[in-house]
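Engineer: Input structure: run_25.txt, which contains compact mmCIF, C-alpha atoms.
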```txt
# COMPACT_ATOMS: atom_id res chain seq x y z
CA MET V 1 12.82 9.88 20.47
CA ALA V 2 10.08 10.51 23.06
CA VAL V 3 6.54 9.29 22.43
CA LEU V 4 4.09 12.19 22.45
CA THR V 5 1.38 12.31 25.11
CA ASP V 6 -2.29 12.22 24.16
CA SER V 7 -2.60 15.96 24.55
CA GLU V 8 0.57 16.60 22.54
CA ILE V 9 -0.81 14.40 19.74
CA GLN V 10 -4.16 16.23 19.82
CA GLU V 11 -2.33 19.55 19.60
CA ALA V 12 -0.26 18.32 16.64
CA LEU V 13 -3.34 16.94 14.85
CA ALA V 14 -5.08 20.30 15.21
CA SER V 15 -2.57 21.75 12.74
CA LEU V 16 -2.36 18.65 10.49
CA GLY V 17 -5.42 18.81 8.25
CA GLY V 18 -7.02 15.43 7.58
CA TRP V 19 -4.96 13.34 10.01
CA GLN V 20 -6.48 11.41 12.87
CA ARG V 21 -5.42 8.80 15.39
CA ASN V 22 -5.79 5.12 14.56
CA GLY V 23 -4.57 2.92 17.41
CA ILE V 24 -0.99 3.88 18.24
CA ALA V 25 -0.52 5.55 14.83
CA ILE V 26 -1.81 8.64 13.04
CA GLN V 27 -3.31 8.26 9.59
CA ARG V 28 -4.85 10.17 6.70
CA ILE V 29 -6.82 8.94 3.70
CA PHE V 30 -6.18 10.64 0.35
CA ARG V 31 -8.42 10.28 -2.72
CA PHE V 32 -7.35 10.98 -6.30
CA PRO V 33 -9.09 11.04 -9.69
CA ASP V 34 -7.55 7.70 -10.69
CA PHE V 35 -4.89 5.08 -9.97
CA LYS V 36 -2.23 6.90 -11.97
CA ALA V 37 -2.60 10.10 -9.95
CA ALA V 38 -2.63 8.07 -6.73
CA MET V 39 0.63 6.33 -7.70
CA GLN V 40 2.28 9.66 -8.53
CA PHE V 41 1.46 10.81 -5.01
CA VAL V 42 2.76 7.55 -3.50
CA ASN V 43 6.06 7.96 -5.35
CA LYS V 44 6.53 11.55 -4.18
CA VAL V 45 5.89 10.45 -0.61
CA ALA V 46 8.27 7.49 -1.07
CA ASP V 47 11.05 9.86 -2.17
CA ALA V 48 10.46 12.12 0.84
CA ALA V 49 10.35 9.09 3.15
CA GLU V 50 13.71 7.84 1.87
CA LYS V 51 15.26 11.29 2.36
CA ALA V 52 13.93 11.48 5.93
CA ASN V 53 14.61 7.77 6.57
CA HIS V 54 11.10 7.55 8.03
CA HIS V 55 8.61 5.44 6.10
CA PRO V 56 4.83 5.57 6.39
CA ASP V 57 2.70 2.47 6.05
CA ILE V 58 0.97 2.91 2.67
CA ASP V 59 -2.21 1.15 1.55
CA ILE V 60 -3.15 1.50 -2.13
CA ARG V 61 -6.79 0.83 -3.07
CA TYR V 62 -7.05 2.00 -6.70
CA ASN V 63 -7.46 5.80 -6.31
CA THR V 64 -7.52 5.82 -2.49
CA ILE V 65 -4.31 5.96 -0.48
CA THR V 66 -4.08 5.53 3.28
CA MET V 67 -0.90 6.78 4.93
CA ALA V 68 -0.16 5.78 8.54
CA LEU V 69 2.72 6.96 10.67
CA VAL V 70 4.12 5.60 13.93
CA SER V 71 7.66 5.39 15.30
CA HIS V 72 7.88 1.62 15.74
CA ASP V 73 11.20 1.84 17.62
CA SER V 74 9.64 4.26 20.14
CA GLY V 75 6.28 2.45 20.33
CA GLY V 76 4.10 5.43 19.50
CA VAL V 77 3.76 8.76 17.75
CA THR V 78 6.80 11.06 17.96
CA GLN V 79 7.80 14.39 16.45
CA ARG V 80 9.28 12.43 13.52
CA ASP V 81 5.77 11.27 12.63
CA VAL V 82 4.31 14.74 13.00
CA ARG V 83 7.05 16.17 10.76
CA MET V 84 6.50 13.48 8.10
CA ALA V 85 2.71 14.00 8.22
CA GLY V 86 3.32 17.70 7.53
CA THR V 87 5.61 16.81 4.63
CA ILE V 88 2.98 14.46 3.18
CA ASN V 89 0.30 17.16 3.45
CA LYS V 90 2.54 19.57 1.54
CA ILE V 91 3.02 16.96 -1.20
CA ALA V 92 -0.77 16.43 -1.42
CA ASP V 93 -1.53 20.16 -1.69
CA MET T 1 -16.67 -12.64 -15.65
CA ALA T 2 -17.50 -15.82 -13.72
CA VAL T 3 -16.30 -16.24 -10.14
CA LEU T 4 -14.12 -19.34 -9.82
CA THR T 5 -15.28 -22.22 -7.63
CA ASP T 6 -13.23 -23.29 -4.59
CA SER T 7 -11.71 -26.18 -6.51
CA GLU T 8 -10.91 -23.97 -9.51
CA ILE T 9 -9.15 -21.51 -7.19
CA GLN T 10 -7.18 -24.34 -5.52
CA GLU T 11 -6.14 -25.58 -8.94
CA ALA T 12 -5.02 -22.09 -9.98
CA LEU T 13 -3.11 -21.54 -6.72
CA ALA T 14 -1.23 -24.82 -7.25
CA SER T 15 0.56 -23.20 -10.19
CA LEU T 16 0.88 -19.71 -8.63
CA GLY T 17 3.87 -19.91 -6.28
CA GLY T 18 3.43 -17.98 -3.03
CA TRP T 19 -0.25 -17.04 -3.44
CA GLN T 20 -2.94 -18.11 -1.01
CA ARG T 21 -6.57 -17.32 -0.31
CA ASN T 22 -7.45 -14.54 2.12
CA GLY T 23 -11.21 -14.16 2.48
CA ILE T 24 -12.71 -13.64 -0.98
CA ALA T 25 -9.33 -12.57 -2.42
CA ILE T 26 -6.00 -14.21 -3.20
CA GLN T 27 -2.83 -12.64 -1.85
CA ARG T 28 0.94 -12.95 -1.78
CA ILE T 29 3.52 -11.29 0.46
CA PHE T 30 6.82 -10.19 -1.13
CA ARG T 31 9.94 -9.21 0.82
CA PHE T 32 12.80 -7.11 -0.55
CA PRO T 33 16.20 -5.97 0.75
CA ASP T 34 14.92 -2.44 1.40
CA PHE T 35 12.17 0.13 0.77
CA LYS T 36 13.71 1.29 -2.50
CA ALA T 37 13.67 -2.22 -4.00
CA ALA T 38 10.13 -2.72 -2.72
CA MET T 39 8.96 0.51 -4.39
CA GLN T 40 10.58 -0.48 -7.69
CA PHE T 41 8.54 -3.69 -7.59
CA VAL T 42 5.36 -1.76 -6.72
CA ASN T 43 5.87 0.56 -9.69
CA LYS T 44 6.42 -2.31 -12.12
CA VAL T 45 3.23 -3.95 -10.87
CA ALA T 46 1.39 -0.61 -11.11
CA ASP T 47 2.39 -0.28 -14.78
CA ALA T 48 1.19 -3.83 -15.52
CA ALA T 49 -2.05 -3.18 -13.61
CA GLU T 50 -2.76 -0.04 -15.66
CA LYS T 51 -2.14 -1.93 -18.90
CA ALA T 52 -4.48 -4.75 -17.84
CA ASN T 53 -6.94 -2.33 -16.22
CA HIS T 54 -7.01 -4.63 -13.21
CA HIS T 55 -5.50 -3.25 -10.01
CA PRO T 56 -4.33 -5.23 -7.00
CA ASP T 57 -4.73 -3.93 -3.47
CA ILE T 58 -1.17 -3.06 -2.41
CA ASP T 59 0.06 -2.69 1.19
CA ILE T 60 3.53 -1.23 1.64
CA ARG T 61 5.30 -1.91 4.97
CA TYR T 62 8.86 -0.71 4.41
CA ASN T 63 10.45 -3.67 2.54
CA THR T 64 7.37 -5.93 2.68
CA ILE T 65 4.67 -5.70 0.04
CA THR T 66 1.33 -7.49 0.20
CA MET T 67 -0.57 -7.83 -3.08
CA ALA T 68 -4.22 -8.90 -3.00
CA LEU T 69 -6.46 -9.61 -5.98
CA VAL T 70 -10.23 -9.94 -6.25
CA SER T 71 -12.69 -8.97 -8.98
CA HIS T 72 -14.86 -6.59 -6.97
CA ASP T 73 -17.46 -6.31 -9.75
CA SER T 74 -17.85 -10.11 -9.80
CA GLY T 75 -17.65 -10.54 -6.01
CA GLY T 76 -14.83 -13.06 -5.99
CA VAL T 77 -11.74 -14.44 -7.69
CA THR T 78 -11.94 -14.72 -11.49
CA GLN T 79 -9.52 -15.64 -14.28
CA ARG T 80 -8.56 -11.94 -14.42
CA ASP T 81 -7.13 -12.25 -10.90
CA VAL T 82 -5.32 -15.48 -11.73
CA ARG T 83 -3.81 -13.86 -14.83
CA MET T 84 -2.69 -10.78 -12.90
CA ALA T 85 -1.21 -12.93 -10.11
CA GLY T 86 0.84 -14.74 -12.76
CA THR T 87 1.99 -11.40 -14.20
CA ILE T 88 3.01 -10.19 -10.72
CA ASN T 89 4.99 -13.38 -10.11
CA LYS T 90 6.86 -12.87 -13.39
CA ILE T 91 7.72 -9.31 -12.32
CA ALA T 92 9.00 -10.57 -8.95
CA ASP T 93 11.21 -13.27 -10.50
```
Please render this file's structure as structure tokens.

Structural biologist:
Amino acid sequence: MAVLTDSEIQEALASLGGWQRNGIAIQRIFRFPDFKAAMQFVNKVADAAEKANHHPDIDIRYNTITMALVSHDSGGVTQRDVRMAGTINKIAD
Amino acid sequence: MAVLTDSEIQEALASLGGWQRNGIAIQRIFRFPDFKAAMQFVNKVADAAEKANHHPDIDIRYNTITMALVSHDSGGVTQRDVRMAGTINKIAD
């Protein structure tokens, strides 16, 4: 799948609330009331990731979750990442 | 709770297979056959962490999980971290 250009990524981020670039990936930080709520979110995202066969990098710091997406096989951000970021935002809403 | 000295940490690590120091924390990397198995491990550790009210930093990279432990309120590694590392090893066995 084709890596998006800088301007294509900027355009995608404009409609993906909370996401920003971090190196070759896009990421968003999510905060929850406590660890339990954070883990519930992580598990919902994990289920969606398995269904899509596209897995974000996930960092768990008590109630703070960082999700990062990049298509490692393509070497950058693709439409798969943008789609998964949208899915994750829906789960967080 | 008292921060362990360097020699106390070395002594503890000698009986904690797979753990090593990383900055002020101790950490271990766990690899699983796939993401699903990795997430099952993460959830077992999350349950144990809630029970002990002591939460590791958890990084999920598909089938590779990094667990890091430090007592932030004490500013270093304490017996709480050593205990939780032992609990995590039992879960992984």

Engineer: Put chain T on top of chain V with a least-squares fit on all C-alpha atoms, paired in order, and send it back as a short mmCIF file (atom, residue, chain, number, x, y, z; two decimals) with C-alpha atoms, keeping the file's coordinate frame.

Structural biologist:
```
data_model
loop_
_atom_site.label_atom_id
_atom_site.label_comp_id
_atom_site.auth_asym_id
_atom_site.auth_seq_id
_atom_site.Cartn_x
_atom_site.Cartn_y
_atom_site.Cartn_z
CA MET T 1 12.82 9.89 20.50
CA ALA T 2 10.08 10.53 23.07
CA VAL T 3 6.55 9.29 22.43
CA LEU T 4 4.09 12.19 22.46
CA THR T 5 1.39 12.32 25.13
CA ASP T 6 -2.30 12.22 24.16
CA SER T 7 -2.60 15.97 24.55
CA GLU T 8 0.57 16.60 22.54
CA ILE T 9 -0.81 14.41 19.74
CA GLN T 10 -4.17 16.25 19.83
CA GLU T 11 -2.32 19.55 19.61
CA ALA T 12 -0.26 18.32 16.65
CA LEU T 13 -3.34 16.94 14.86
CA ALA T 14 -5.08 20.32 15.22
CA SER T 15 -2.58 21.76 12.74
CA LEU T 16 -2.36 18.65 10.50
CA GLY T 17 -5.42 18.80 8.24
CA GLY T 18 -7.02 15.42 7.56
CA TRP T 19 -4.95 13.33 10.00
CA GLN T 20 -6.47 11.40 12.88
CA ARG T 21 -5.39 8.79 15.39
CA ASN T 22 -5.78 5.11 14.56
CA GLY T 23 -4.57 2.91 17.41
CA ILE T 24 -0.98 3.88 18.23
CA ALA T 25 -0.51 5.55 14.83
CA ILE T 26 -1.81 8.64 13.05
CA GLN T 27 -3.31 8.26 9.59
CA ARG T 28 -4.85 10.17 6.70
CA ILE T 29 -6.82 8.94 3.70
CA PHE T 30 -6.19 10.64 0.33
CA ARG T 31 -8.43 10.29 -2.73
CA PHE T 32 -7.36 10.99 -6.31
CA PRO T 33 -9.09 11.04 -9.70
CA ASP T 34 -7.55 7.70 -10.69
CA PHE T 35 -4.88 5.07 -9.96
CA LYS T 36 -2.23 6.90 -11.97
CA ALA T 37 -2.61 10.11 -9.94
CA ALA T 38 -2.63 8.07 -6.74
CA MET T 39 0.63 6.33 -7.70
CA GLN T 40 2.29 9.65 -8.53
CA PHE T 41 1.46 10.81 -5.01
CA VAL T 42 2.76 7.55 -3.52
CA ASN T 43 6.07 7.95 -5.35
CA LYS T 44 6.53 11.54 -4.20
CA VAL T 45 5.89 10.45 -0.62
CA ALA T 46 8.27 7.49 -1.07
CA ASP T 47 11.06 9.86 -2.17
CA ALA T 48 10.45 12.12 0.85
CA ALA T 49 10.34 9.08 3.16
CA GLU T 50 13.71 7.84 1.86
CA LYS T 51 15.26 11.27 2.37
CA ALA T 52 13.92 11.47 5.94
CA ASN T 53 14.59 7.77 6.58
CA HIS T 54 11.10 7.54 8.05
CA HIS T 55 8.60 5.46 6.10
CA PRO T 56 4.82 5.58 6.38
CA ASP T 57 2.69 2.47 6.04
CA ILE T 58 0.96 2.91 2.66
CA ASP T 59 -2.23 1.14 1.54
CA ILE T 60 -3.15 1.50 -2.12
CA ARG T 61 -6.81 0.84 -3.08
CA TYR T 62 -7.06 2.00 -6.69
CA ASN T 63 -7.46 5.81 -6.31
CA THR T 64 -7.52 5.82 -2.49
CA ILE T 65 -4.31 5.96 -0.49
CA THR T 66 -4.08 5.53 3.27
CA MET T 67 -0.90 6.78 4.93
CA ALA T 68 -0.16 5.78 8.52
CA LEU T 69 2.73 6.95 10.68
CA VAL T 70 4.13 5.59 13.93
CA SER T 71 7.67 5.39 15.30
CA HIS T 72 7.90 1.63 15.74
CA ASP T 73 11.21 1.85 17.62
CA SER T 74 9.64 4.25 20.14
CA GLY T 75 6.29 2.44 20.33
CA GLY T 76 4.11 5.42 19.49
CA VAL T 77 3.77 8.76 17.74
CA THR T 78 6.81 11.05 17.96
CA GLN T 79 7.80 14.41 16.45
CA ARG T 80 9.27 12.44 13.52
CA ASP T 81 5.76 11.27 12.63
CA VAL T 82 4.31 14.75 13.01
CA ARG T 83 7.04 16.16 10.76
CA MET T 84 6.49 13.49 8.11
CA ALA T 85 2.71 13.99 8.23
CA GLY T 86 3.31 17.69 7.54
CA THR T 87 5.61 16.81 4.63
CA ILE T 88 2.97 14.45 3.18
CA ASN T 89 0.31 17.15 3.44
CA LYS T 90 2.55 19.57 1.54
CA ILE T 91 3.01 16.96 -1.20
CA ALA T 92 -0.76 16.44 -1.42
CA ASP T 93 -1.53 20.17 -1.70
#
```

Engineer: Contacts of range 13-15 of chain V at 9 Å or less, counting only C-alpha atoms, minus same-chain residues fewer than 5 places along, as a VMD selection string?

Structural biologist: chain V and resid 8 20 to 21 26 82 86

Engineer: Taking only C-alpha atoms into account and nothing else, which residues of chain V lie no more than 10 Å away from chain T? Please answer as a list in words.

Structural biologist: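 On the chain V side, the interface is Phe35, Lys36, Met39, Gln40, Val42, Asn43, Ala46, Asp47, Ala49, Glu50, Asn53, His54, His55, Pro56, Asp57, Ile58, Asp59, Ile60, Arg61, Tyr62, Asn63, Ile65, Thr66 and Met67 of chain V.
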
Engineer: Mind pulling up the distance from CA of Arg31 in chain V to CA of Ala52 in chain T?

Structural biologist: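 Interatomic distance here is 21.7 Å.
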
Engineer: Please compute the CA of Ser7 in chain T-CA of Thr87 in chain T distance, one decimal, in Å.

Structural biologist: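 Interatomic distance, CA of Ser7 in chain T to CA of Thr87 in chain T: 21.6 Å.
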
Engineer: Can you list, as a list in words, every protein, DNA or RNA residue that comes within 12 Å of Ala25 in chain T when you count only C-alpha atoms, leaving out same-chain residues fewer than 6 positions away?

Structural biologist: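 That gives Val3, Leu4, Asp6, Ile9, Leu13, Trp19, Pro56, Asp57, Met67, Ala68, Leu69, Val70, Ser71, His72, Ser74, Gly75, Gly76, Val77, Thr78, Asp81, Val82 and Ala85 of chain T.
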
Engineer: By how many Å are CA of Ala38 in chain V and CA of Thr64 in chain V apart?

Structural biologist: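 Rounded to one decimal, the two atoms are 6.9 Å apart.
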
Engineer: If we count all atoms listed in the file and set the cut-off at 9 Å, which residues sit around Asn89 in chain V, ignoring sequence neighbours fewer than 6 positions away in its own chain? Please answer as a ChimeraX atom specification.

Structural biologist: /V:16-18

Engineer: Let me know the centre plus edge lengths, in Å and rounded to one decimal, of a box with edges along x, y and z that contains all listed atoms of range 77-91 of chain V and is padded by 5 Å on every side, as AutoDock Vina command-line options.

Structural biologist:
```
--center_x 4.8 --center_y 14.2 --center_z 8.4 --size_x 19.0 --size_y 20.8 --size_z 29.2
```
